[in-house]
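Colleague: File follows, upload_9.txt with compact mmCIF, C-alpha atoms and all ligand atoms:
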# COMPACT_ATOMS: atom_id res chain seq x y z
CA MET A 1 10.32 -27.16 -31.77
CA ASN A 2 6.58 -27.77 -31.88
CA ASP A 3 6.06 -26.88 -28.24
CA VAL A 4 7.99 -23.60 -28.51
CA LEU A 5 6.05 -20.39 -29.04
CA TRP A 6 7.77 -17.55 -30.84
CA LEU A 7 6.88 -14.14 -32.24
CA MET A 8 8.67 -11.38 -34.11
CA GLN A 9 7.41 -7.80 -34.03
CA THR A 10 8.64 -4.48 -35.40
CA ALA A 11 8.27 -1.06 -33.84
CA ALA A 12 5.66 -0.30 -36.50
CA ALA A 13 3.24 -2.54 -34.57
CA HIS A 14 2.13 0.44 -32.41
CA PRO A 15 2.66 4.19 -32.94
CA ASP A 16 3.81 4.68 -29.31
CA LEU A 17 6.65 2.19 -29.80
CA THR A 18 8.20 4.27 -32.58
CA GLN A 19 8.07 7.28 -30.20
CA GLY A 20 9.72 5.36 -27.35
CA ARG A 21 6.52 5.58 -25.26
CA ALA A 22 4.82 2.68 -23.51
CA PRO A 23 1.38 1.98 -25.01
CA ALA A 24 -1.36 2.50 -22.39
CA GLY A 25 -1.80 -0.51 -20.12
CA LEU A 26 1.28 -2.33 -21.41
CA LEU A 27 3.43 -2.13 -18.29
CA THR A 28 2.75 -3.15 -14.71
CA PRO A 29 3.91 -0.69 -12.02
CA ALA A 30 7.12 -2.69 -11.43
CA GLU A 31 7.84 -2.80 -15.16
CA ALA A 32 7.13 0.93 -15.47
CA ALA A 33 9.72 1.55 -12.74
CA CYS A 34 12.30 -0.51 -14.69
CA PHE A 35 11.46 1.38 -17.87
CA ALA A 36 11.82 4.74 -16.11
CA ALA A 37 15.31 3.77 -14.91
CA LEU A 38 16.63 3.08 -18.42
CA LYS A 39 18.96 5.83 -19.53
CA THR A 40 19.44 5.88 -23.30
CA PRO A 41 16.71 6.25 -25.97
CA LYS A 42 18.03 3.13 -27.75
CA ARG A 43 17.83 0.99 -24.62
CA ARG A 44 14.34 2.32 -23.85
CA HIS A 45 13.21 1.58 -27.42
CA ASP A 46 14.68 -1.94 -27.39
CA TRP A 47 13.37 -2.81 -23.93
CA LEU A 48 9.87 -1.57 -24.74
CA LEU A 49 9.67 -3.42 -28.04
CA GLY A 50 10.87 -6.60 -26.29
CA ARG A 51 8.14 -6.27 -23.64
CA TRP A 52 5.50 -5.54 -26.28
CA THR A 53 6.52 -8.63 -28.23
CA ALA A 54 6.74 -10.89 -25.17
CA LYS A 55 3.34 -9.83 -23.88
CA ARG A 56 1.70 -10.46 -27.24
CA LEU A 57 3.39 -13.85 -27.39
CA LEU A 58 2.10 -14.75 -23.93
CA GLN A 59 -1.51 -13.77 -24.63
CA GLY A 60 -3.58 -16.87 -23.95
CA GLN A 61 -0.69 -18.55 -22.12
CA VAL A 62 -0.81 -16.45 -18.97
CA PRO A 63 -3.99 -14.82 -17.63
CA GLY A 64 -4.17 -11.03 -17.49
CA ASN A 65 -1.17 -8.84 -18.24
CA PRO A 66 1.97 -10.94 -17.66
CA GLU A 67 4.68 -9.15 -15.70
CA ILE A 68 8.19 -9.67 -17.05
CA LEU A 69 11.11 -8.72 -14.84
CA ASN A 70 14.79 -9.59 -15.26
CA ASN A 71 16.66 -11.42 -12.53
CA ALA A 72 20.12 -10.31 -11.37
CA ASP A 73 21.74 -12.12 -14.33
CA GLY A 74 19.45 -10.42 -16.83
CA VAL A 75 17.23 -13.47 -17.46
CA PRO A 76 13.62 -12.43 -18.18
CA LEU A 77 11.16 -14.11 -15.82
CA VAL A 78 7.36 -14.07 -15.84
CA THR A 79 6.07 -13.24 -12.37
CA GLY A 80 4.12 -16.14 -10.84
CA CYS A 81 5.03 -18.56 -13.68
CA PRO A 82 8.26 -20.34 -12.66
CA ALA A 83 7.56 -23.16 -15.17
CA LEU A 84 7.47 -20.78 -18.12
CA SER A 85 10.79 -20.10 -19.87
CA LEU A 86 10.98 -16.85 -21.84
CA SER A 87 13.69 -15.36 -24.01
CA ILE A 88 13.88 -11.90 -25.59
CA SER A 89 16.09 -10.36 -28.27
CA HIS A 90 16.03 -6.99 -30.01
CA CYS A 91 17.90 -5.57 -32.97
CA ASP A 92 17.20 -2.29 -34.76
CA ASP A 93 13.44 -1.93 -35.12
CA ARG A 94 12.54 -5.54 -34.42
CA ALA A 95 12.28 -7.88 -31.48
CA VAL A 96 11.79 -11.62 -31.23
CA CYS A 97 10.60 -13.59 -28.22
CA ALA A 98 10.30 -17.31 -27.56
CA ALA A 99 8.59 -19.15 -24.73
CA ALA A 100 8.22 -22.75 -23.65
CA TRP A 101 6.69 -24.59 -20.69
CA GLN A 102 8.66 -27.85 -21.00
CA HIS A 103 12.11 -26.55 -21.96
CA THR A 104 14.50 -23.72 -21.29
CA VAL A 105 14.45 -21.52 -24.35
CA GLY A 106 16.80 -19.00 -25.97
CA VAL A 107 16.32 -16.70 -28.94
CA ASP A 108 18.35 -14.09 -30.79
CA VAL A 109 18.05 -11.76 -33.77
CA GLU A 110 21.01 -10.17 -35.55
CA ARG A 111 21.24 -7.97 -38.63
CA ILE A 112 23.44 -9.55 -41.31
CA ALA A 113 26.47 -7.28 -41.54
CA PRO A 114 30.17 -7.58 -42.31
CA ARG A 115 32.45 -8.36 -39.36
CA GLN A 116 36.22 -8.11 -39.27
CA PRO A 117 38.31 -11.34 -39.44
CA VAL A 118 39.57 -10.54 -35.92
CA PHE A 119 36.00 -10.91 -34.63
CA VAL A 120 35.89 -14.47 -35.94
CA GLN A 121 39.37 -15.23 -34.58
CA ASP A 122 38.53 -13.89 -31.11
CA TYR A 123 35.06 -15.32 -30.58
CA PHE A 124 34.74 -18.47 -32.70
CA THR A 125 36.07 -22.00 -32.10
CA PRO A 126 38.72 -23.42 -34.48
CA LEU A 127 36.04 -25.53 -36.23
CA GLU A 128 33.85 -22.47 -36.73
CA VAL A 129 36.81 -20.44 -38.01
CA ALA A 130 37.54 -23.22 -40.54
CA GLN A 131 33.90 -23.25 -41.65
CA VAL A 132 33.96 -19.49 -42.22
CA ASP A 133 37.28 -19.75 -44.11
CA GLN A 134 35.74 -22.35 -46.44
CA ALA A 135 32.56 -20.35 -47.10
CA ALA A 136 31.97 -18.70 -50.47
CA PRO A 137 32.66 -14.94 -50.16
CA ALA A 138 29.00 -14.14 -50.84
CA GLN A 139 27.95 -16.37 -47.91
CA ARG A 140 30.53 -15.20 -45.37
CA ASP A 141 28.60 -12.38 -43.68
CA THR A 142 25.48 -14.53 -43.30
CA LEU A 143 27.46 -17.44 -41.90
CA VAL A 144 29.38 -15.30 -39.39
CA THR A 145 26.15 -13.60 -38.27
CA LEU A 146 24.41 -16.96 -37.96
CA ILE A 147 27.18 -18.55 -35.87
CA TRP A 148 27.35 -15.47 -33.61
CA SER A 149 23.59 -15.39 -33.15
CA ALA A 150 23.48 -19.11 -32.37
CA LYS A 151 26.15 -18.61 -29.69
CA GLU A 152 24.14 -15.80 -28.08
CA THR A 153 21.05 -18.00 -28.16
CA ALA A 154 22.92 -20.88 -26.50
CA LEU A 155 24.27 -18.54 -23.81
CA LYS A 156 20.72 -17.37 -23.14
CA VAL A 157 19.49 -20.97 -22.86
CA LEU A 158 22.21 -21.51 -20.25
CA HIS A 159 21.14 -18.27 -18.52
CA ARG A 160 24.76 -17.14 -18.65
CA GLY A 161 24.88 -14.50 -21.40
CA LEU A 162 28.33 -13.20 -22.23
CA SER A 163 29.60 -14.12 -18.76
CA LEU A 164 30.67 -17.35 -20.52
CA ASP A 165 33.39 -17.41 -23.19
CA THR A 166 31.66 -17.60 -26.59
CA ARG A 167 34.10 -20.39 -27.54
CA THR A 168 32.41 -22.57 -24.92
CA VAL A 169 29.66 -22.98 -27.53
CA GLN A 170 30.38 -25.02 -30.65
CA VAL A 171 27.82 -24.30 -33.39
CA THR A 172 27.38 -27.08 -35.97
CA LEU A 173 25.36 -26.61 -39.13
CA PRO A 174 24.20 -29.68 -41.07
CA ALA A 175 25.81 -30.33 -44.45
CA ALA A 176 22.36 -30.28 -46.08
CA PRO A 177 21.36 -26.93 -47.56
CA PRO A 178 19.04 -24.82 -45.40
CA ALA A 179 15.30 -24.74 -45.94
CA ALA A 180 14.23 -22.24 -48.60
CA ALA A 181 11.91 -20.67 -46.01
CA GLY A 182 11.19 -21.23 -42.34
CA TRP A 183 13.44 -22.81 -39.76
CA SER A 184 16.52 -24.94 -40.49
CA PRO A 185 18.22 -27.06 -37.82
CA LEU A 186 21.58 -26.56 -36.14
CA HIS A 187 23.29 -28.09 -33.14
CA LEU A 188 24.80 -26.40 -30.08
CA ASP A 189 27.47 -28.17 -28.06
CA CYS A 190 28.39 -26.33 -24.87
CA GLY A 191 30.83 -28.91 -23.46
CA PRO A 192 30.23 -29.60 -19.78
CA GLN A 193 27.22 -27.25 -19.91
CA GLY A 194 25.40 -29.71 -22.19
CA SER A 195 24.32 -29.84 -25.81
CA PHE A 196 20.96 -29.13 -27.36
CA PRO A 197 19.17 -28.52 -30.66
CA GLY A 198 18.63 -25.17 -32.30
CA TRP A 199 17.09 -23.68 -35.42
CA TRP A 200 17.69 -20.65 -37.59
CA ARG A 201 15.91 -18.64 -40.22
CA MET A 202 16.66 -15.61 -42.36
CA GLU A 203 14.21 -12.79 -43.06
CA ALA A 204 14.68 -9.34 -44.60
CA GLY A 205 18.42 -9.21 -43.91
CA TYR A 206 18.19 -10.55 -40.35
CA VAL A 207 19.12 -13.92 -38.89
CA PHE A 208 16.97 -15.43 -36.13
CA THR A 209 18.16 -18.32 -33.98
CA LEU A 210 16.25 -20.30 -31.39
CA ALA A 211 17.25 -23.19 -29.13
CA VAL A 212 15.74 -25.33 -26.41
CA ASN A 213 17.26 -27.40 -23.64
CA ALA A 214 15.48 -30.08 -21.64
CA ARG A 215 14.88 -29.15 -18.00
C1 LIG A 301 22.56 -11.89 -22.90
C2 LIG A 301 23.36 -11.32 -24.07
C3 LIG A 301 23.96 -12.48 -24.84
C4 LIG A 301 22.36 -10.51 -24.88
O1 LIG A 301 22.74 -10.33 -26.22
P1 LIG A 301 22.57 -8.97 -27.02
O2 LIG A 301 22.76 -9.28 -28.45
O3 LIG A 301 23.42 -7.93 -26.39
O4 LIG A 301 21.08 -8.47 -26.80
P2 LIG A 301 19.70 -9.15 -27.20
O5 LIG A 301 18.80 -8.05 -27.58
O6 LIG A 301 19.85 -10.28 -28.15
O7 LIG A 301 19.22 -9.78 -25.81
C5 LIG A 301 18.95 -8.97 -24.72
C6 LIG A 301 18.02 -9.74 -23.82
O8 LIG A 301 18.66 -10.91 -23.36
C7 LIG A 301 18.08 -11.26 -22.11
N1 LIG A 301 19.17 -11.61 -21.21
C8 LIG A 301 20.07 -10.80 -20.62
N2 LIG A 301 20.92 -11.52 -19.87
C9 LIG A 301 20.54 -12.83 -19.99
C10 LIG A 301 21.02 -14.05 -19.45
N3 LIG A 301 22.06 -14.09 -18.61
N4 LIG A 301 20.39 -15.18 -19.79
C11 LIG A 301 19.33 -15.19 -20.63
N5 LIG A 301 18.82 -14.05 -21.18
C12 LIG A 301 19.43 -12.89 -20.85
C13 LIG A 301 17.25 -10.08 -21.63
O9 LIG A 301 15.87 -10.38 -21.79
C14 LIG A 301 17.65 -8.97 -22.59
O10 LIG A 301 16.62 -8.09 -22.93
P3 LIG A 301 15.93 -7.12 -21.86
O11 LIG A 301 17.05 -6.62 -20.97
O12 LIG A 301 15.30 -6.06 -22.67
O13 LIG A 301 14.95 -7.97 -21.09
C15 LIG A 301 24.51 -10.41 -23.66
O14 LIG A 301 24.28 -9.10 -24.01
C16 LIG A 301 24.81 -10.39 -22.21
O15 LIG A 301 25.42 -11.31 -21.68
N6 LIG A 301 24.36 -9.37 -21.51
C17 LIG A 301 24.48 -9.29 -20.06
C18 LIG A 301 25.85 -8.82 -19.61
C19 LIG A 301 26.31 -7.56 -20.26
O16 LIG A 301 27.10 -7.62 -21.17
N7 LIG A 301 25.83 -6.41 -19.80
C20 LIG A 301 26.25 -5.17 -20.35
C21 LIG A 301 25.02 -4.35 -20.64
S1 LIG A 301 25.50 -2.75 -21.19
Here is the file; what I need is its structure written in the form of structure tokens.
Ligand SMILES: CC(C)(COP(=O)(O)OP(=O)(O)OC[C@H]1O[C@@H](n2cnc3c(N)ncnc32)[C@H](O)[C@@H]1OP(=O)(O)O)[C@@H](O)C(=O)NCCC(=O)NCCS

Modeller:
Amino acid sequence: MNDVLWLMQTAAAHPDLTQGRAPAGLLTPAEAACFAALKTPKRRHDWLLGRWTAKRLLQGQVPGNPEILNNADGVPLVTGCPALSLSISHCDDRAVCAAAWQHTVGVDVERIAPRQPVFVQDYFTPLEVAQVDQAAPAQRDTLVTLIWSAKETALKVLHRGLSLDTRTVQVTLPAAPPAAAGWSPLHLDCGPQGSFPGWWRMEAGYVFTLAVNAR
């Protein structure tokens, strides 16, 4: 993952972000129009924090103020930079973005929280269900959150989002224990859609996942 750029930011990074206002100069006119069309305070907060994070990530990669607009499928694209892959995720007061020039990238952040067994039954593959069943009770919530986040990341890499069945993605974690800090590897097998490497890390009660696919 050496050629993947990534950045996590919280809303505390700028006072306007906590107020749901765009910091001066952040948005291009087209982005400001998108922002104005967003209805709920939560969506406005999330969207803004994602743009803030992405633009900071892209400083030095793209000249000037990069314009980030979503295509019809929701995929974030940087205007004038078709070779640059960008992915955005937001959860609570934090956002994470990843970008790569040589690969298609996906990223996701999820708060570690309990989920009902029916969630696992409905959205996970049989192998993932078995892995959750075998987990120590104290590890269950983290494992379920991690597998879910990795699926969302894979679906972003594929540019499909939840238009694809989440069971299309098989998440495999290595038997070796995860790194004490930083990124640990995982593998994403999406059947006919391909398979590719991913990574995950845990910080302050949140799980982050990231994956890249060759172009
Ligand atoms: C893509 C998806 C997996 C996002 O997961 P999520 O946990 O809900 O939200 P996250 O914060 O992690 O990610 C949202 C970001 O994913 C990106 N995204 C959306 N659709 C995408 C797609 N098809 N491929 C890649 N990235 C996508 C966007 O950048 C979005 O942020 P932005 O709109 O602020 O730019 C999923 O929500 C989805 O498929 N959404 C589109 C369809 C949908 O359900 N729409 C209902 C909206 S109410």

Colleague: Of the candidates A:Gly64, A:Gly106, A:Pro117, A:Gly74, which shows the shortest atom-to-atom distance to ligand LIG 301 (chain A), using all atoms listed in the file?

Modeller: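 Between A:Gly64, A:Gly106, A:Pro117, A:Gly74, the residue approaching ligand LIG 301 (chain A) most closely is A:Gly74.
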
Colleague: To one decimal in Å, tell me the separation between atom CA of Arg140 of chain A and atom CA of Thr172 of chain A.

Modeller: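 Answer for the atom CA of Arg140 of chain A to atom CA of Thr172 of chain A separation: 15.5 Å.
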
Colleague: Each residue of chain A lying at most 7 Å from ligand LIG 301 (chain A) should get a row with its shortest atom-to-atom pair and the distance in Å to one decimal, counting all atoms listed in the file; could you produce that, ordered by chain and increasing number, as JSON lines?

Modeller:
{"residue": "A:Asp46", "atom": "CA", "partner": "A:LIG301", "partner_atom": "O12", "distance": 6.3}
{"residue": "A:Trp47", "atom": "CA", "partner": "A:LIG301", "partner_atom": "O12", "distance": 4.0}
{"residue": "A:Gly50", "atom": "CA", "partner": "A:LIG301", "partner_atom": "O12", "distance": 5.7}
{"residue": "A:Asn70", "atom": "CA", "partner": "A:LIG301", "partner_atom": "O13", "distance": 6.1}
{"residue": "A:Asp73", "atom": "CA", "partner": "A:LIG301", "partner_atom": "N3", "distance": 4.7}
{"residue": "A:Gly74", "atom": "CA", "partner": "A:LIG301", "partner_atom": "N2", "distance": 3.6}
{"residue": "A:Val75", "atom": "CA", "partner": "A:LIG301", "partner_atom": "C12", "distance": 4.1}
{"residue": "A:Pro76", "atom": "CA", "partner": "A:LIG301", "partner_atom": "O9", "distance": 4.7}
{"residue": "A:Ser87", "atom": "CA", "partner": "A:LIG301", "partner_atom": "O9", "distance": 5.9}
{"residue": "A:Ile88", "atom": "CA", "partner": "A:LIG301", "partner_atom": "O9", "distance": 4.6}
{"residue": "A:Ser89", "atom": "CA", "partner": "A:LIG301", "partner_atom": "O5", "distance": 3.6}
{"residue": "A:His90", "atom": "CA", "partner": "A:LIG301", "partner_atom": "O5", "distance": 3.8}
{"residue": "A:Cys91", "atom": "CA", "partner": "A:LIG301", "partner_atom": "O5", "distance": 6.0}
{"residue": "A:Asp108", "atom": "CA", "partner": "A:LIG301", "partner_atom": "O6", "distance": 4.9}
{"residue": "A:Val109", "atom": "CA", "partner": "A:LIG301", "partner_atom": "O6", "distance": 6.1}
{"residue": "A:Glu152", "atom": "CA", "partner": "A:LIG301", "partner_atom": "C3", "distance": 4.6}
{"residue": "A:Leu155", "atom": "CA", "partner": "A:LIG301", "partner_atom": "C3", "distance": 6.2}
{"residue": "A:Lys156", "atom": "CA", "partner": "A:LIG301", "partner_atom": "C11", "distance": 3.6}
{"residue": "A:Val157", "atom": "CA", "partner": "A:LIG301", "partner_atom": "C11", "distance": 6.2}
{"residue": "A:Leu158", "atom": "CA", "partner": "A:LIG301", "partner_atom": "N4", "distance": 6.6}
{"residue": "A:His159", "atom": "CA", "partner": "A:LIG301", "partner_atom": "N4", "distance": 3.4}
{"residue": "A:Arg160", "atom": "CA", "partner": "A:LIG301", "partner_atom": "N3", "distance": 4.1}
{"residue": "A:Gly161", "atom": "CA", "partner": "A:LIG301", "partner_atom": "O15", "distance": 3.2}
{"residue": "A:Leu162", "atom": "CA", "partner": "A:LIG301", "partner_atom": "O15", "distance": 3.5}
{"residue": "A:Ser163", "atom": "CA", "partner": "A:LIG301", "partner_atom": "O15", "distance": 5.8}

Colleague: Looking at A:Met8, A:Leu186, A:Leu57, A:Leu49, which one is nearest to Pro23 of chain A, with distances taken over all atoms listed in the file?

Modeller: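 Ranked by minimum distance to Pro23 of chain A, first place goes to A:Leu49.
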
Colleague: As an exercise, work out the distance from atom CA of Asn65 of chain A to atom CA of Thr18 of chain A in Å and give it to one decimal place.

Modeller: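 It comes out at 21.6 Å.
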
Colleague: So what do you get for atom CA of Ala180 of chain A versus atom CA of Asp93 of chain A, distance-wise?

Modeller: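 Going from atom CA of Ala180 of chain A over to atom CA of Asp93 of chain A covers 24.4 Å.
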
Colleague: So, with all atoms listed in the file as the atoms that count, which of A:Val207, A:Ala37, A:Cys97, A:Ala181 lies closest to Ile147 of chain A?

Modeller: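 With all atoms listed in the file as the atom set, the closest residue is A:Val207.
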
Colleague: Let me make sure I understand: among A:Leu143, A:Gly25, A:Asn2, A:Ala13, which one has the smallest atom-to-atom distance to Ala95 of chain A if we use only C-alpha atoms?

Modeller: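 Of the candidates, the smallest distance to Ala95 of chain A is held by A:Ala13.
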
Colleague: Kindly indicate which residue among A:Lys39, A:Arg201, A:His14, A:Arg167 lies nearest to Asp189 of chain A, using only C-alpha atoms for the distances.

Modeller: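 Ranking A:Lys39, A:Arg201, A:His14, A:Arg167 by distance to Asp189 of chain A, first place goes to A:Arg167.
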
Colleague: Considering all atoms listed in the file, can you say which of A:Asp92, A:Leu38, A:Met1, A:Phe119 comes closest to Ser184 of chain A?

Modeller: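 Among the listed residues, A:Met1 lies closest to Ser184 of chain A.
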
Colleague: With all atoms listed in the file as the counted atoms, please give the residues lying no more than 10 Å from Gln170 of chain A, apart from itself and same-chain residues fewer than 4 positions off, as a VMD selection string.

Modeller: chain A and resid 124 to 128 147 150 to 151 154 166 187 to 191 195

Colleague: Dump as a PDB file with C-alpha atoms, in the coordinates of the input all residues having an atom at most 9 Å from (13.2, -21.8, -15.3), computed in the file's coordinates with all atoms listed in the file.

Modeller:
ATOM      1  CA  LEU A  77      11.160 -14.110 -15.820  1.00  0.00           C
ATOM      2  CA  CYS A  81       5.030 -18.560 -13.680  1.00  0.00           C
ATOM      3  CA  PRO A  82       8.260 -20.340 -12.660  1.00  0.00           C
ATOM      4  CA  ALA A  83       7.560 -23.160 -15.170  1.00  0.00           C
ATOM      5  CA  LEU A  84       7.470 -20.780 -18.120  1.00  0.00           C
ATOM      6  CA  SER A  85      10.790 -20.100 -19.870  1.00  0.00           C
ATOM      7  CA  LEU A  86      10.980 -16.850 -21.840  1.00  0.00           C
ATOM      8  CA  TRP A 101       6.690 -24.590 -20.690  1.00  0.00           C
ATOM      9  CA  HIS A 103      12.110 -26.550 -21.960  1.00  0.00           C
ATOM     10  CA  THR A 104      14.500 -23.720 -21.290  1.00  0.00           C
ATOM     11  CA  ARG A 215      14.880 -29.150 -18.000  1.00  0.00           C
TER      12      ARG A 215
END

Colleague: Using only C-alpha atoms, determine which residues lie at most 12 Å from Ala32 of chain A, disregarding the query and same-chain residues fewer than 6 positions distant; provide the list as a PDB file with C-alpha atoms, keeping the file's coordinate frame.

Modeller:
ATOM      1  CA  ARG A  21       6.520   5.580 -25.260  1.00  0.00           C
ATOM      2  CA  ALA A  22       4.820   2.680 -23.510  1.00  0.00           C
ATOM      3  CA  PRO A  23       1.380   1.980 -25.010  1.00  0.00           C
ATOM      4  CA  ALA A  24      -1.360   2.500 -22.390  1.00  0.00           C
ATOM      5  CA  GLY A  25      -1.800  -0.510 -20.120  1.00  0.00           C
ATOM      6  CA  LEU A  26       1.280  -2.330 -21.410  1.00  0.00           C
ATOM      7  CA  LEU A  38      16.630   3.080 -18.420  1.00  0.00           C
ATOM      8  CA  ARG A  44      14.340   2.320 -23.850  1.00  0.00           C
ATOM      9  CA  TRP A  47      13.370  -2.810 -23.930  1.00  0.00           C
ATOM     10  CA  LEU A  48       9.870  -1.570 -24.740  1.00  0.00           C
ATOM     11  CA  ARG A  51       8.140  -6.270 -23.640  1.00  0.00           C
ATOM     12  CA  GLU A  67       4.680  -9.150 -15.700  1.00  0.00           C
ATOM     13  CA  ILE A  68       8.190  -9.670 -17.050  1.00  0.00           C
ATOM     14  CA  LEU A  69      11.110  -8.720 -14.840  1.00  0.00           C
TER      15      LEU A  69
END

Colleague: So for segment 191-200 of chain A, what box centre and size do we get, axis-aligned, 3 Å extra on each of the six sides, every listed atom, Å to one decimal, as JSON?

Modeller:
{"center_x": 24.0, "center_y": -25.2, "center_z": -28.7, "size_x": 19.7, "size_y": 15.2, "size_z": 23.8}

Colleague: Missing atoms in segment 59-80 of chain A: fill them in up to N, CA and C atoms and send the result as a PDB file, in the frame of the given file.

Modeller:
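As written to disk, part-v1.pdb reads:
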ATOM      1  N   GLN A  59      -0.050 -13.857 -24.680  1.00  0.00           N
ATOM      2  CA  GLN A  59      -1.510 -13.770 -24.630  1.00  0.00           C
ATOM      3  C   GLN A  59      -2.106 -15.179 -24.780  1.00  0.00           C
ATOM      4  N   GLY A  60      -2.977 -15.544 -23.888  1.00  0.00           N
ATOM      5  CA  GLY A  60      -3.580 -16.870 -23.950  1.00  0.00           C
ATOM      6  C   GLY A  60      -2.775 -17.922 -23.199  1.00  0.00           C
ATOM      7  N   GLN A  61      -1.533 -17.620 -22.880  1.00  0.00           N
ATOM      8  CA  GLN A  61      -0.690 -18.550 -22.120  1.00  0.00           C
ATOM      9  C   GLN A  61      -0.738 -18.228 -20.625  1.00  0.00           C
ATOM     10  N   VAL A  62      -0.833 -16.925 -20.350  1.00  0.00           N
ATOM     11  CA  VAL A  62      -0.810 -16.450 -18.970  1.00  0.00           C
ATOM     12  C   VAL A  62      -2.012 -15.518 -18.814  1.00  0.00           C
ATOM     13  N   PRO A  63      -2.821 -15.682 -17.766  1.00  0.00           N
ATOM     14  CA  PRO A  63      -3.990 -14.820 -17.630  1.00  0.00           C
ATOM     15  C   PRO A  63      -3.588 -13.372 -17.315  1.00  0.00           C
ATOM     16  N   GLY A  64      -4.404 -12.445 -17.786  1.00  0.00           N
ATOM     17  CA  GLY A  64      -4.170 -11.030 -17.490  1.00  0.00           C
ATOM     18  C   GLY A  64      -2.954 -10.496 -18.234  1.00  0.00           C
ATOM     19  N   ASN A  65      -2.343  -9.473 -17.643  1.00  0.00           N
ATOM     20  CA  ASN A  65      -1.170  -8.840 -18.240  1.00  0.00           C
ATOM     21  C   ASN A  65       0.083  -9.432 -17.599  1.00  0.00           C
ATOM     22  N   PRO A  66       0.814 -10.306 -18.300  1.00  0.00           N
ATOM     23  CA  PRO A  66       1.970 -10.940 -17.660  1.00  0.00           C
ATOM     24  C   PRO A  66       3.034  -9.910 -17.306  1.00  0.00           C
ATOM     25  N   GLU A  67       3.603 -10.057 -16.135  1.00  0.00           N
ATOM     26  CA  GLU A  67       4.680  -9.150 -15.700  1.00  0.00           C
ATOM     27  C   GLU A  67       6.018  -9.814 -15.964  1.00  0.00           C
ATOM     28  N   ILE A  68       6.883  -9.113 -16.682  1.00  0.00           N
ATOM     29  CA  ILE A  68       8.190  -9.670 -17.050  1.00  0.00           C
ATOM     30  C   ILE A  68       9.287  -8.823 -16.434  1.00  0.00           C
ATOM     31  N   LEU A  69      10.014  -9.421 -15.510  1.00  0.00           N
ATOM     32  CA  LEU A  69      11.110  -8.720 -14.840  1.00  0.00           C
ATOM     33  C   LEU A  69      12.380  -9.537 -15.005  1.00  0.00           C
ATOM     34  N   ASN A  70      13.526  -8.873 -15.098  1.00  0.00           N
ATOM     35  CA  ASN A  70      14.790  -9.590 -15.260  1.00  0.00           C
ATOM     36  C   ASN A  70      15.366  -9.918 -13.888  1.00  0.00           C
ATOM     37  N   ASN A  71      15.965 -11.115 -13.777  1.00  0.00           N
ATOM     38  CA  ASN A  71      16.660 -11.420 -12.530  1.00  0.00           C
ATOM     39  C   ASN A  71      18.047 -10.750 -12.538  1.00  0.00           C
ATOM     40  N   ALA A  72      18.828 -11.008 -11.513  1.00  0.00           N
ATOM     41  CA  ALA A  72      20.120 -10.310 -11.370  1.00  0.00           C
ATOM     42  C   ALA A  72      21.070 -10.617 -12.518  1.00  0.00           C
ATOM     43  N   ASP A  73      20.877 -11.768 -13.185  1.00  0.00           N
ATOM     44  CA  ASP A  73      21.740 -12.120 -14.330  1.00  0.00           C
ATOM     45  C   ASP A  73      21.201 -11.592 -15.650  1.00  0.00           C
ATOM     46  N   GLY A  74      20.042 -10.960 -15.604  1.00  0.00           N
ATOM     47  CA  GLY A  74      19.450 -10.420 -16.830  1.00  0.00           C
ATOM     48  C   GLY A  74      18.390 -11.321 -17.446  1.00  0.00           C
ATOM     49  N   VAL A  75      18.185 -12.509 -16.892  1.00  0.00           N
ATOM     50  CA  VAL A  75      17.230 -13.470 -17.460  1.00  0.00           C
ATOM     51  C   VAL A  75      15.803 -12.932 -17.275  1.00  0.00           C
ATOM     52  N   PRO A  76      15.005 -12.883 -18.349  1.00  0.00           N
ATOM     53  CA  PRO A  76      13.620 -12.430 -18.180  1.00  0.00           C
ATOM     54  C   PRO A  76      12.746 -13.515 -17.564  1.00  0.00           C
ATOM     55  N   LEU A  77      12.012 -13.149 -16.529  1.00  0.00           N
ATOM     56  CA  LEU A  77      11.160 -14.110 -15.820  1.00  0.00           C
ATOM     57  C   LEU A  77       9.735 -13.568 -15.762  1.00  0.00           C
ATOM     58  N   VAL A  78       8.766 -14.471 -15.900  1.00  0.00           N
ATOM     59  CA  VAL A  78       7.360 -14.070 -15.840  1.00  0.00           C
ATOM     60  C   VAL A  78       6.884 -14.270 -14.404  1.00  0.00           C
ATOM     61  N   THR A  79       6.474 -13.190 -13.777  1.00  0.00           N
ATOM     62  CA  THR A  79       6.070 -13.240 -12.370  1.00  0.00           C
ATOM     63  C   THR A  79       4.954 -14.268 -12.168  1.00  0.00           C
ATOM     64  N   GLY A  80       5.152 -15.154 -11.186  1.00  0.00           N
ATOM     65  CA  GLY A  80       4.120 -16.140 -10.840  1.00  0.00           C
ATOM     66  C   GLY A  80       4.099 -17.353 -11.758  1.00  0.00           C
TER      67      GLY A  80
END
